[in-house]
>>> print(open('my_file.csv').read())   # CSV, C-alpha atoms
chain,number,residue,atom,x,y,z
A,1,MET,CA,0.0,0.0,0.0
A,2,ALA,CA,2.8,2.4,0.9
A,3,LEU,CA,4.6,1.5,-2.3
A,4,LEU,CA,1.4,2.3,-4.3
A,5,ARG,CA,1.2,5.8,-2.6
A,6,LEU,CA,4.8,6.4,-3.4
A,7,ARG,CA,4.3,5.6,-7.0
A,8,SER,CA,1.3,8.0,-7.1
A,9,VAL,CA,3.3,10.8,-5.6
A,10,CYS,CA,6.1,10.3,-8.0
A,11,THR,CA,3.7,10.3,-10.9
A,12,PHE,CA,2.1,13.5,-9.7
A,13,VAL,CA,5.4,15.3,-9.3
A,14,LEU,CA,6.5,14.3,-12.8
A,15,LEU,CA,3.3,15.5,-14.2
A,16,LEU,CA,3.7,18.9,-12.5
A,17,ALA,CA,7.2,19.2,-13.8
A,18,TRP,CA,6.1,18.4,-17.4
A,19,LEU,CA,3.3,21.0,-17.2
A,20,SER,CA,5.4,23.8,-15.6
A,21,PRO,CA,6.5,26.6,-18.0
A,22,GLY,CA,10.3,26.6,-18.4
A,23,SER,CA,10.7,23.2,-16.8
A,24,PHE,CA,12.2,21.7,-19.9
A,25,ALA,CA,14.7,22.9,-22.5
A,26,VAL,CA,14.0,23.1,-26.2
A,27,LYS,CA,16.2,20.7,-28.1
A,28,ALA,CA,18.8,22.2,-30.5
A,29,ASN,CA,17.3,22.9,-33.9
A,30,GLU,CA,13.8,22.2,-32.8
A,31,PRO,CA,11.6,25.1,-34.1
A,32,ARG,CA,10.0,27.2,-31.4
A,33,ALA,CA,8.1,30.5,-31.6
A,34,ALA,CA,10.7,33.2,-31.1
A,35,PHE,CA,8.8,36.5,-31.7
A,36,SER,CA,6.2,38.1,-33.9
A,37,VAL,CA,6.6,40.4,-36.8
A,38,GLU,CA,4.2,42.6,-38.8
A,39,LEU,CA,4.7,42.2,-42.6
A,40,SER,CA,3.1,44.2,-45.3
A,41,ASN,CA,2.0,42.4,-48.5
A,42,PRO,CA,4.2,44.0,-51.1
A,43,VAL,CA,1.3,43.9,-53.5
A,44,THR,CA,-0.8,46.2,-51.3
A,45,PRO,CA,1.7,48.0,-49.1
A,46,ASP,CA,-0.8,50.6,-48.0
A,47,GLU,CA,-3.0,48.1,-46.3
A,48,PRO,CA,-2.5,47.2,-42.6
A,49,PRO,CA,0.3,44.7,-42.1
A,50,LYS,CA,-0.4,41.2,-41.0
A,51,ARG,CA,1.2,39.7,-37.9
A,52,TYR,CA,3.2,36.5,-38.3
A,53,LYS,CA,5.0,34.2,-35.8
A,54,VAL,CA,8.7,33.7,-36.4
A,55,PHE,CA,9.9,30.3,-35.4
A,56,ALA,CA,13.6,29.9,-34.6
A,57,THR,CA,16.0,27.0,-34.4
A,58,THR,CA,19.1,27.2,-32.2
A,59,ASP,CA,22.3,25.4,-31.5
A,60,PRO,CA,23.0,23.8,-28.1
A,61,ASP,CA,24.2,27.1,-26.8
A,62,GLY,CA,21.0,28.9,-27.7
A,63,THR,CA,22.5,30.8,-30.7
A,64,PRO,CA,20.0,31.0,-33.6
A,65,THR,CA,20.7,28.8,-36.6
A,66,GLY,CA,17.7,29.8,-38.6
A,67,TYR,CA,14.2,31.1,-38.8
A,68,ASN,CA,10.9,30.2,-40.5
A,69,VAL,CA,7.5,31.8,-41.0
A,70,ARG,CA,4.3,30.3,-42.2
A,71,LEU,CA,2.8,32.6,-44.8
A,72,GLN,CA,-0.6,32.9,-46.3
A,73,VAL,CA,-0.5,35.7,-49.0
A,74,HIS,CA,-2.4,37.0,-51.9
A,75,VAL,CA,-0.1,37.5,-55.0
A,76,CYS,CA,-2.4,39.6,-57.2
A,77,MET,CA,-4.4,42.7,-56.7
A,78,ASP,CA,-7.8,41.5,-57.9
A,79,ASN,CA,-7.7,38.5,-55.5
A,80,GLN,CA,-8.5,36.1,-58.4
A,81,CYS,CA,-5.3,34.1,-57.8
A,82,ARG,CA,-5.2,31.3,-55.3
A,83,ILE,CA,-3.9,32.3,-51.8
A,84,VAL,CA,-0.3,31.0,-51.5
A,85,HIS,CA,0.3,28.8,-48.5
A,86,LEU,CA,3.9,28.0,-47.6
A,87,THR,CA,6.6,28.0,-45.0
A,88,MET,CA,9.7,30.2,-45.8
A,89,TYR,CA,13.1,29.5,-44.2
A,90,TRP,CA,16.0,31.8,-43.6
A,91,ASP,CA,19.4,31.2,-42.1
A,92,ALA,CA,20.5,33.0,-38.9
A,93,LEU,CA,21.8,36.0,-40.9
A,94,GLY,CA,18.6,36.6,-42.8
A,95,TYR,CA,19.4,34.9,-46.1
A,96,TYR,CA,16.6,33.0,-47.7
A,97,GLN,CA,17.2,29.2,-47.7
A,98,ARG,CA,14.1,27.4,-49.0
A,99,ILE,CA,10.3,27.2,-49.0
A,100,GLU,CA,8.0,24.3,-48.2
A,101,CYS,CA,4.5,24.0,-49.4
A,102,PRO,CA,1.7,21.7,-48.0
A,103,MET,CA,1.1,18.6,-50.0
A,104,ASN,CA,-2.5,19.7,-50.7
A,105,ALA,CA,-1.5,23.3,-51.6
A,106,PRO,CA,1.4,23.4,-54.1
A,107,LEU,CA,2.3,26.5,-56.0
A,108,THR,CA,0.6,26.9,-59.3
A,109,ARG,CA,1.1,28.7,-62.6
A,110,MET,CA,-1.5,30.3,-64.8
A,111,GLU,CA,-4.7,28.2,-65.2
A,112,HIS,CA,-3.8,26.6,-61.8
A,113,GLU,CA,-1.2,24.4,-63.4
A,114,VAL,CA,0.9,22.8,-60.6
A,115,PHE,CA,4.5,23.8,-60.4
A,116,THR,CA,6.9,21.2,-61.8
A,117,ASP,CA,10.2,20.3,-60.1
A,118,ALA,CA,12.0,22.6,-62.6
A,119,ASP,CA,9.7,25.5,-61.6
A,120,TYR,CA,10.5,25.0,-57.9
A,121,ARG,CA,14.2,24.9,-58.7
A,122,LYS,CA,14.0,28.1,-60.8
A,123,LEU,CA,12.0,29.8,-58.1
A,124,ASP,CA,14.6,28.8,-55.5
A,125,ARG,CA,17.4,30.3,-57.6
A,126,ILE,CA,15.5,33.5,-58.0
A,127,LEU,CA,14.7,33.9,-54.4
A,128,LYS,CA,18.3,33.4,-53.4
A,129,ASN,CA,19.4,36.2,-55.8
A,130,ARG,CA,19.4,39.4,-53.9
A,131,GLN,CA,20.6,41.3,-56.9
A,132,SER,CA,17.5,40.3,-58.9
A,133,LEU,CA,15.9,43.0,-61.0
A,134,LEU,CA,12.8,42.2,-59.0
A,135,ALA,CA,14.2,44.3,-56.3
A,136,THR,CA,13.5,47.5,-58.2
A,137,LEU,CA,11.0,46.3,-60.8
A,138,PRO,CA,7.5,47.6,-60.0
A,139,TYR,CA,4.7,45.1,-59.7
A,140,GLU,CA,2.8,46.8,-62.5
A,141,ALA,CA,5.7,46.2,-64.9
A,142,LEU,CA,5.2,42.4,-64.8
A,143,VAL,CA,2.5,42.5,-67.5
A,144,VAL,CA,1.1,44.7,-70.2
A,145,LYS,CA,-2.4,45.5,-69.1
A,146,GLN,CA,-5.3,44.7,-71.3
A,147,SER,CA,-8.7,46.3,-71.3
A,148,GLU,CA,-10.5,43.0,-70.5
A,149,PRO,CA,-9.2,40.3,-68.1
A,150,ALA,CA,-8.5,36.9,-69.6
A,151,GLU,CA,-9.8,33.9,-67.8
A,152,GLY,CA,-7.3,31.7,-66.1
A,153,ILE,CA,-4.4,34.0,-66.2
A,154,ASP,CA,-2.1,34.4,-63.2
A,155,GLY,CA,-3.1,37.9,-62.0
A,156,TRP,CA,-3.8,40.7,-64.5
A,157,SER,CA,-4.1,39.4,-68.0
A,158,GLY,CA,-1.2,40.2,-70.4
A,159,ALA,CA,2.2,39.0,-71.5
A,160,THR,CA,5.3,39.0,-69.3
A,161,PRO,CA,7.8,41.5,-70.8
A,162,GLN,CA,10.8,39.8,-72.3
A,163,ALA,CA,13.1,41.8,-70.1
A,164,VAL,CA,11.9,40.0,-67.0
A,165,ALA,CA,11.2,36.6,-68.4
A,166,ASP,CA,14.3,35.1,-67.0
A,167,ALA,CA,13.7,36.7,-63.6
A,168,VAL,CA,10.4,35.0,-63.0
A,169,VAL,CA,8.9,31.5,-63.2
A,170,GLU,CA,6.9,31.3,-66.5
A,171,GLY,CA,3.2,31.7,-65.9
A,172,ALA,CA,3.8,32.7,-62.2
A,173,ALA,CA,5.3,36.2,-62.5
A,174,PHE,CA,3.2,37.6,-59.7
A,175,THR,CA,3.9,34.7,-57.4
A,176,THR,CA,7.6,35.0,-58.1
A,177,TRP,CA,7.7,38.8,-57.5
A,178,VAL,CA,5.7,38.6,-54.3
A,179,LEU,CA,7.7,35.7,-52.8
A,180,TRP,CA,11.0,37.4,-53.7
A,181,HIS,CA,10.0,40.5,-51.7
A,182,TYR,CA,8.9,38.3,-48.7
A,183,ALA,CA,12.2,36.5,-48.9
A,184,ASN,CA,14.5,39.5,-49.2
A,185,GLY,CA,12.4,42.4,-47.9
A,186,GLU,CA,11.4,43.9,-44.6
A,187,ILE,CA,11.8,40.8,-42.5
A,188,VAL,CA,15.5,40.4,-43.2
A,189,PRO,CA,16.8,43.2,-40.9
A,190,ARG,CA,14.5,42.0,-38.1
A,191,LEU,CA,15.9,38.5,-38.4
A,192,ARG,CA,19.4,39.9,-38.3
A,193,THR,CA,18.6,42.0,-35.2
A,194,ALA,CA,17.2,38.9,-33.5
A,195,THR,CA,20.5,37.1,-34.1
A,196,CYS,CA,22.5,40.1,-32.9
A,197,LYS,CA,20.6,39.9,-29.6
A,198,ARG,CA,21.7,36.3,-29.1
A,199,ALA,CA,25.2,36.5,-30.5
A,200,THR,CA,28.0,35.4,-28.2
A,201,PRO,CA,31.7,36.3,-28.6
A,202,ALA,CA,32.4,32.7,-29.6
A,203,TYR,CA,29.7,32.9,-32.3
A,204,VAL,CA,31.0,36.2,-33.6
A,205,ARG,CA,34.6,34.8,-33.8
A,206,ARG,CA,33.3,31.7,-35.6
A,207,LEU,CA,31.6,34.0,-38.2
A,208,LEU,CA,34.8,36.0,-38.6
A,209,GLN,CA,36.8,32.8,-39.2
A,210,SER,CA,34.2,31.5,-41.8
A,211,GLU,CA,35.1,31.2,-45.4
A,212,ASP,CA,31.6,32.4,-46.3
A,213,PRO,CA,32.0,36.2,-47.0
A,214,ARG,CA,28.4,36.7,-45.9
A,215,GLU,CA,29.2,35.5,-42.4
A,216,ALA,CA,32.3,37.6,-42.2
A,217,ASP,CA,30.3,40.6,-43.4
A,218,PHE,CA,27.7,40.1,-40.7
A,219,ALA,CA,30.3,39.7,-38.0
A,220,LEU,CA,32.2,42.8,-39.0
A,221,ARG,CA,29.1,44.9,-39.0
A,222,TYR,CA,28.0,43.4,-35.7
A,223,VAL,CA,31.3,44.2,-34.0
A,224,LEU,CA,31.3,47.8,-35.4
A,225,ALA,CA,27.8,48.4,-34.2
A,226,GLN,CA,28.0,46.6,-30.8
A,227,SER,CA,31.5,46.9,-29.5
A,228,PRO,CA,33.9,48.8,-31.9
A,229,ALA,CA,36.5,49.3,-29.1
A,230,ASP,CA,36.5,45.7,-27.9
A,231,ASN,CA,39.9,44.3,-29.0
A,232,GLN,CA,39.1,40.6,-28.5
A,233,TYR,CA,38.3,40.3,-32.2
A,234,ILE,CA,41.3,42.1,-33.6
A,235,ASP,CA,43.3,39.0,-34.7
A,236,ASP,CA,40.3,37.5,-36.4
A,237,ALA,CA,39.4,40.9,-38.1
A,238,LEU,CA,43.0,41.2,-39.3
A,239,ASP,CA,42.8,37.7,-40.8
A,240,VAL,CA,39.6,38.8,-42.7
A,241,LEU,CA,41.4,41.9,-43.9
A,242,GLY,CA,44.3,39.9,-45.2
A,243,ASN,CA,42.3,37.0,-46.8
A,244,THR,CA,39.3,38.8,-48.4
A,245,ARG,CA,39.3,40.2,-51.9
A,246,GLN,CA,36.2,42.3,-51.2
A,247,ILE,CA,37.2,45.9,-50.7
A,248,GLU,CA,34.1,46.6,-48.6
A,249,HIS,CA,35.2,43.9,-46.1
A,250,VAL,CA,38.7,45.4,-46.1
A,251,SER,CA,37.2,48.8,-45.2
A,252,LEU,CA,35.0,47.3,-42.4
A,253,ALA,CA,37.8,45.3,-40.9
A,254,LEU,CA,40.2,48.2,-41.1
A,255,ASP,CA,37.6,50.5,-39.4
A,256,TYR,CA,37.3,48.1,-36.5
A,257,VAL,CA,41.0,47.3,-35.9
A,258,CYS,CA,41.9,51.0,-36.0
A,259,ARG,CA,39.2,51.7,-33.3
A,260,ALA,CA,40.1,48.7,-31.1
A,261,ALA,CA,43.9,48.6,-31.3
A,262,THR,CA,45.8,49.7,-28.2
A,263,ASP,CA,49.3,49.4,-29.7
A,264,GLN,CA,49.4,51.6,-32.8
A,265,GLN,CA,52.9,50.7,-33.9
A,266,LYS,CA,52.1,47.0,-33.8
A,267,LEU,CA,49.0,47.6,-35.8
A,268,HIS,CA,50.9,49.6,-38.4
A,269,LYS,CA,53.4,46.8,-38.9
A,270,ARG,CA,50.6,44.3,-39.3
A,271,LEU,CA,48.8,46.6,-41.8
A,272,VAL,CA,52.0,47.0,-43.9
A,273,GLU,CA,52.5,43.2,-43.9
A,274,LEU,CA,48.9,42.8,-45.2
A,275,ALA,CA,49.2,45.5,-47.8
A,276,ARG,CA,52.4,43.9,-49.0
A,277,GLY,CA,50.5,40.9,-50.2
A,278,MET,CA,47.5,42.7,-51.7
A,279,ASP,CA,46.9,44.1,-55.2
A,280,GLY,CA,46.5,47.8,-55.7
A,281,TYR,CA,42.7,47.7,-55.6
A,282,THR,CA,42.2,45.8,-52.3
A,283,SER,CA,45.0,47.6,-50.6
A,284,ARG,CA,43.5,51.0,-51.2
A,285,PRO,CA,41.7,51.4,-47.9
A,286,ILE,CA,45.0,50.7,-46.0
A,287,LEU,CA,46.9,53.1,-48.2
A,288,ASP,CA,44.1,55.7,-47.6
A,289,TYR,CA,44.5,55.1,-43.9
A,290,PHE,CA,48.3,55.8,-43.9
A,291,THR,CA,48.1,58.8,-46.3
A,292,GLU,CA,45.4,60.4,-44.2
A,293,GLN,CA,47.4,60.3,-41.0
A,294,PRO,CA,48.6,63.8,-40.0
A,295,GLU,CA,52.0,62.4,-39.1
A,296,LEU,CA,53.2,58.8,-39.2
A,297,PRO,CA,55.9,57.7,-36.7
A,298,ALA,CA,59.4,57.3,-38.2
A,299,GLU,CA,59.3,53.6,-37.5
A,300,THR,CA,56.1,53.2,-39.6
A,301,ARG,CA,57.6,55.2,-42.5
A,302,GLU,CA,60.6,52.9,-42.4
A,303,VAL,CA,58.5,49.8,-42.5
A,304,LEU,CA,56.4,51.2,-45.3
A,305,SER,CA,59.4,52.1,-47.4
A,306,ALA,CA,61.0,48.7,-46.8
A,307,ALA,CA,57.8,47.0,-48.2
A,308,LEU,CA,57.7,49.1,-51.4
A,309,GLU,CA,59.8,46.5,-53.3
A,310,ASP,CA,56.9,44.0,-53.0
A,311,MET,CA,54.0,46.3,-53.8
A,312,PRO,CA,52.3,47.1,-57.1
A,313,TYR,CA,53.0,50.4,-58.8
A,314,PHE,CA,49.8,52.0,-57.6
A,315,ALA,CA,50.7,51.4,-53.9
A,316,VAL,CA,54.3,52.6,-54.5
A,317,HIS,CA,53.1,55.8,-56.1
A,318,ARG,CA,50.7,56.5,-53.3
A,319,ILE,CA,53.3,55.9,-50.6
A,320,LEU,CA,56.0,57.9,-52.3
A,321,GLU,CA,53.6,60.7,-52.8
A,322,MET,CA,52.9,60.8,-49.1
A,323,LEU,CA,56.6,60.5,-48.1
A,324,ALA,CA,57.6,63.4,-50.5
A,325,LYS,CA,55.7,65.9,-48.3
A,326,ASN,CA,58.4,65.8,-45.6
A,327,LYS,CA,62.1,65.1,-45.2
A,328,GLN,CA,62.5,61.4,-44.4
A,329,PRO,CA,65.1,59.6,-42.2
A,330,ALA,CA,68.2,58.2,-43.9
A,331,LYS,CA,66.8,54.6,-43.6
A,332,VAL,CA,63.7,55.5,-45.6
A,333,GLU,CA,65.8,57.2,-48.3
A,334,ALA,CA,68.0,54.1,-48.5
A,335,ASN,CA,65.0,51.8,-49.0
A,336,ILE,CA,63.7,54.0,-51.8
A,337,VAL,CA,67.2,54.2,-53.5
A,338,GLN,CA,67.0,50.4,-53.7
A,339,LEU,CA,64.0,50.7,-55.9
A,340,LEU,CA,66.2,52.1,-58.7
A,341,ASP,CA,67.1,48.5,-59.4
A,342,HIS,CA,63.6,47.2,-59.4
A,343,ASP,CA,62.6,44.7,-62.1
A,344,ASN,CA,59.5,46.8,-62.9
A,345,PHE,CA,60.9,49.9,-64.7
A,346,PHE,CA,57.9,52.0,-63.9
A,347,ILE,CA,58.5,51.5,-60.2
A,348,ALA,CA,62.2,52.2,-60.7
A,349,ARG,CA,61.3,55.4,-62.6
A,350,ARG,CA,58.9,56.5,-59.9
A,351,ALA,CA,61.6,56.1,-57.3
A,352,TYR,CA,63.9,58.2,-59.5
A,353,GLU,CA,61.3,60.9,-59.7
A,354,TYR,CA,60.9,60.9,-55.9
A,355,LEU,CA,64.6,61.1,-55.3
A,356,GLN,CA,65.1,63.9,-57.8
A,357,GLY,CA,62.9,66.0,-55.6
A,358,GLN,CA,65.0,65.4,-52.5
A,359,LYS,CA,68.3,66.8,-51.2
A,360,ASN,CA,70.6,63.8,-51.7
A,361,ASP,CA,74.1,63.0,-50.7
A,362,ASN,CA,76.8,62.3,-53.3
A,363,GLY,CA,76.3,58.6,-53.2
A,364,VAL,CA,72.6,58.9,-54.1
A,365,GLN,CA,73.4,61.6,-56.8
A,366,GLU,CA,75.8,59.2,-58.5
A,367,LYS,CA,73.1,56.5,-58.6
A,368,LEU,CA,70.6,59.0,-60.1
A,369,THR,CA,73.2,60.0,-62.7
A,370,ALA,CA,73.8,56.4,-63.6
A,371,PHE,CA,70.1,55.7,-63.8
A,372,ARG,CA,69.5,58.8,-66.1
A,373,LYS,CA,72.4,57.7,-68.3
A,374,GLN,CA,71.0,54.2,-68.7
A,375,PHE,CA,67.3,55.1,-69.2
A,376,GLY,CA,67.5,58.7,-70.4
A,377,ASP,CA,65.3,57.9,-73.4
A,378,ARG,CA,62.6,56.5,-71.2
A,379,LEU,CA,62.4,59.3,-68.5
>>> encode(input="my_file.csv", output="structure tokens")
Amino acid sequence: MALLRLRSVCTFVLLLAWLSPGSFAVKANEPRAAFSVELSNPVTPDEPPKRYKVFATTDPDGTPTGYNVRLQVHVCMDNQCRIVHLTMYWDALGYYQRIECPMNAPLTRMEHEVFTDADYRKLDRILKNRQSLLATLPYEALVVKQSEPAEGIDGWSGATPQAVADAVVEGAAFTTWVLWHYANGEIVPRLRTATCKRATPAYVRRLLQSEDPREADFALRYVLAQSPADNQYIDDALDVLGNTRQIEHVSLALDYVCRAATDQQKLHKRLVELARGMDGYTSRPILDYFTEQPELPAETREVLSAALEDMPYFAVHRILEMLAKNKQPAKVEANIVQLLDHDNFFIARRAYEYLQGQKNDNGVQEKLTAFRKQFGDRL
């Protein structure tokens, strides 16, 4: 009898624990309602927005890994089209990933023809293209209006202009346009904000170390917005700066490291090393940084001049132009003199032009005379 009462008590306690809010943890990557958003239908932006629940998935640490929203939307103004039912998915950074439609409510083209697998694949490619002309193409431009509506047409009757034929699924221009704006429109910054609120230092560092430029972009913008003076990300940001070929990321990373660095000379040496391995285009923000400084320490100027032999002409020109404004230490001048023997004649000639404008000792003058004698017809 006592054993029976004990079992009853245990069962009751377990039931209470199961029913109590917060008494259990959501499994990683198990969707759960995260927050609500109000989204306007891009077809009728002046009408009141509709509220949707955003469901999130997370990793074991609680960092978002993605979001999804169940949508029910009209895709044409006259409400003659079928309402679209689907679930749309984004990654944690707000990039569209995929859609899922109920088995009993597939997407359809004109005359309610069900999407083929090829249609879904094309739609997926279009929705992932943030540079699509659908971003700026007005809804009204999808068709040439006719005076009388034709029965069974997807939206207003008319033919899709040839200019946008490749940007939409054939026979589903309105559906494509509307879904593109849901995938890449007003919800995106809200999803990114939600991720920012849950981002941990470990998560930010992982994004900075990612080979996906979109993740590095997100992390750099996050750091600049949230903690631009926090130097815990400097090494990772410098790695981004040195490895990327996207000049915008170079600028973002440079902005952060210049704000967060506590040892300016150490930073300058690292920036020179990075610029040494860059082409003239991607090194431009670093060159801008150095040339905009009111006065660079002598040690920095020496490091810069020593790196000139490994830099492209554009970088050499910019740095020599900067150094010509002031009298330079002997070590800087010596580094520039060495450029007279550079394999690239244009760099050698640029060094000659620089040295011609300086007060040089007899040894340097002799080298200039020899250079002029050898290349006089090319000066």
>>> closest_residue(input="my_file.csv", among="A:Phe115, A:Leu39, A:Asp310, A:Asp61", to="Ala202 (chain A)", atoms="all atoms listed in the file")
A:Asp61
>>> atom_distance(input="my_file.csv", atom1="CA of Ala253 (chain A)", atom2="CA of Phe218 (chain A)")
11.4 Å
>>> atom_distance(input="my_file.csv", atom1="CA of Arg276 (chain A)", atom2="CA of Arg349 (chain A)")
19.9 Å
>>> closest_residue(input="my_file.csv", among="A:Glu186, A:Glu302, A:Glu140, A:Glu273", to="Val37 (chain A)", atoms="all atoms listed in the file")
A:Glu186
>>> closest_residue(input="my_file.csv", among="A:Lys327, A:Val272, A:Glu170, A:Thr282", to="Gly357 (chain A)", atoms="all atoms listed in the file")
A:Lys327
>>> closest_residue(input="my_file.csv", among="A:Arg318, A:Arg51, A:Arg82, A:Arg378", to="Met110 (chain A)", atoms="all atoms listed in the file")
A:Arg82
>>> residues_around(input="my_file.csv", residues="Ala330 (chain A)", least_positions_apart="3", cutoff="12 Å", atoms="only C-alpha atoms", output="PyMOL selection string")
chain A and resi 298-299+301-302+305+327+333-337+358-361+364
>>> residues_around(input="my_file.csv", residues="region 94-102 of chain A", least_positions_apart="5", cutoff="12 Å", atoms="all atoms listed in the file", output="PyMOL selection string")
chain A and resi 56+64-72+84-89+107-108+114-115+120-130+179-196+214-215+218
>>> closest_residue(input="my_file.csv", among="A:Thr57, A:Thr136, A:Glu111, A:Met311", to="Asn344 (chain A)", atoms="all atoms listed in the file")
A:Met311
>>> closest_residue(input="my_file.csv", among="A:Glu295, A:Glu309, A:Asp117, A:Asp46", to="Gln328 (chain A)", atoms="all atoms listed in the file")
A:Glu295
>>> atom_distance(input="my_file.csv", atom1="CA of Val43 (chain A)", atom2="CA of Cys81 (chain A)")
12.6 Å
>>> residues_near_point(input="my_file.csv", point="(28.1, 35.8, -35.5)", cutoff="9 Å", atoms="all atoms listed in the file", output="ChimeraX atom specification")
/A:63,92-93,195-196,199-208,215-216,218-220,222
>>> residues_around(input="my_file.csv", residues="Phe371 (chain A)", least_positions_apart="6", cutoff="9 Å", atoms="only C-alpha atoms", output="JSON, numbers by chain")
{"A": [340, 341, 349, 352]}
>>> build_atoms(input="my_file.csv", residues="region 203-209 of chain A", atoms="all heavy atoms", output="mmCIF file, in the frame of the given file")
data_model
loop_
_atom_site.group_PDB
_atom_site.id
_atom_site.type_symbol
_atom_site.label_atom_id
_atom_site.label_comp_id
_atom_site.auth_asym_id
_atom_site.auth_seq_id
_atom_site.Cartn_x
_atom_site.Cartn_y
_atom_site.Cartn_z
ATOM 1 N N TYR A 203 30.424 32.933 -31.005
ATOM 2 C CA TYR A 203 29.700 32.900 -32.300
ATOM 3 C C TYR A 203 30.235 33.930 -33.235
ATOM 4 O O TYR A 203 30.434 33.637 -34.422
ATOM 5 C CB TYR A 203 28.206 33.175 -31.982
ATOM 6 C CG TYR A 203 27.323 33.230 -33.207
ATOM 7 C CD1 TYR A 203 27.062 32.086 -33.950
ATOM 8 C CD2 TYR A 203 26.732 34.428 -33.612
ATOM 9 C CE1 TYR A 203 26.242 32.131 -35.068
ATOM 10 C CE2 TYR A 203 25.910 34.486 -34.726
ATOM 11 C CZ TYR A 203 25.673 33.329 -35.450
ATOM 12 O OH TYR A 203 24.860 33.373 -36.563
ATOM 13 N N VAL A 204 30.508 35.132 -32.743
ATOM 14 C CA VAL A 204 31.000 36.200 -33.600
ATOM 15 C C VAL A 204 32.409 35.784 -34.163
ATOM 16 O O VAL A 204 32.690 35.971 -35.351
ATOM 17 C CB VAL A 204 31.153 37.513 -32.821
ATOM 18 C CG1 VAL A 204 31.833 38.589 -33.667
ATOM 19 C CG2 VAL A 204 29.767 37.984 -32.394
ATOM 20 N N ARG A 205 33.253 35.205 -33.319
ATOM 21 C CA ARG A 205 34.600 34.800 -33.800
ATOM 22 C C ARG A 205 34.438 33.668 -34.844
ATOM 23 O O ARG A 205 35.197 33.629 -35.818
ATOM 24 C CB ARG A 205 35.428 34.283 -32.620
ATOM 25 C CG ARG A 205 36.104 35.422 -31.863
ATOM 26 C CD ARG A 205 37.177 34.910 -30.936
ATOM 27 N NE ARG A 205 36.614 34.139 -29.837
ATOM 28 C CZ ARG A 205 36.221 34.678 -28.685
ATOM 29 N NH1 ARG A 205 36.316 35.979 -28.502
ATOM 30 N NH2 ARG A 205 35.725 33.918 -27.733
ATOM 31 N N ARG A 206 33.471 32.776 -34.648
ATOM 32 C CA ARG A 206 33.300 31.700 -35.600
ATOM 33 C C ARG A 206 32.871 32.303 -36.986
ATOM 34 O O ARG A 206 33.338 31.847 -38.043
ATOM 35 C CB ARG A 206 32.198 30.733 -35.159
ATOM 36 C CG ARG A 206 31.966 29.589 -36.125
ATOM 37 C CD ARG A 206 31.050 28.544 -35.541
ATOM 38 N NE ARG A 206 29.691 29.012 -35.370
ATOM 39 C CZ ARG A 206 28.803 29.139 -36.364
ATOM 40 N NH1 ARG A 206 29.155 28.856 -37.611
ATOM 41 N NH2 ARG A 206 27.572 29.547 -36.122
ATOM 42 N N LEU A 207 32.034 33.332 -36.964
ATOM 43 C CA LEU A 207 31.600 34.000 -38.200
ATOM 44 C C LEU A 207 32.824 34.689 -38.864
ATOM 45 O O LEU A 207 32.988 34.661 -40.087
ATOM 46 C CB LEU A 207 30.509 34.979 -37.963
ATOM 47 C CG LEU A 207 29.170 34.420 -37.485
ATOM 48 C CD1 LEU A 207 28.145 35.539 -37.369
ATOM 49 C CD2 LEU A 207 28.654 33.329 -38.404
ATOM 50 N N LEU A 208 33.648 35.329 -38.051
ATOM 51 C CA LEU A 208 34.800 36.000 -38.600
ATOM 52 C C LEU A 208 35.789 35.041 -39.241
ATOM 53 O O LEU A 208 36.482 35.377 -40.206
ATOM 54 C CB LEU A 208 35.531 36.808 -37.496
ATOM 55 C CG LEU A 208 34.835 38.075 -36.998
ATOM 56 C CD1 LEU A 208 35.529 38.618 -35.765
ATOM 57 C CD2 LEU A 208 34.813 39.142 -38.103
ATOM 58 N N GLN A 209 35.847 33.832 -38.710
ATOM 59 C CA GLN A 209 36.800 32.800 -39.200
ATOM 60 C C GLN A 209 36.174 32.020 -40.386
ATOM 61 O O GLN A 209 36.854 31.195 -40.984
ATOM 62 C CB GLN A 209 37.177 31.872 -38.106
ATOM 63 C CG GLN A 209 37.971 32.544 -37.000
ATOM 64 C CD GLN A 209 38.076 31.704 -35.739
ATOM 65 O OE1 GLN A 209 37.678 30.537 -35.723
ATOM 66 N NE2 GLN A 209 38.601 32.288 -34.673
#
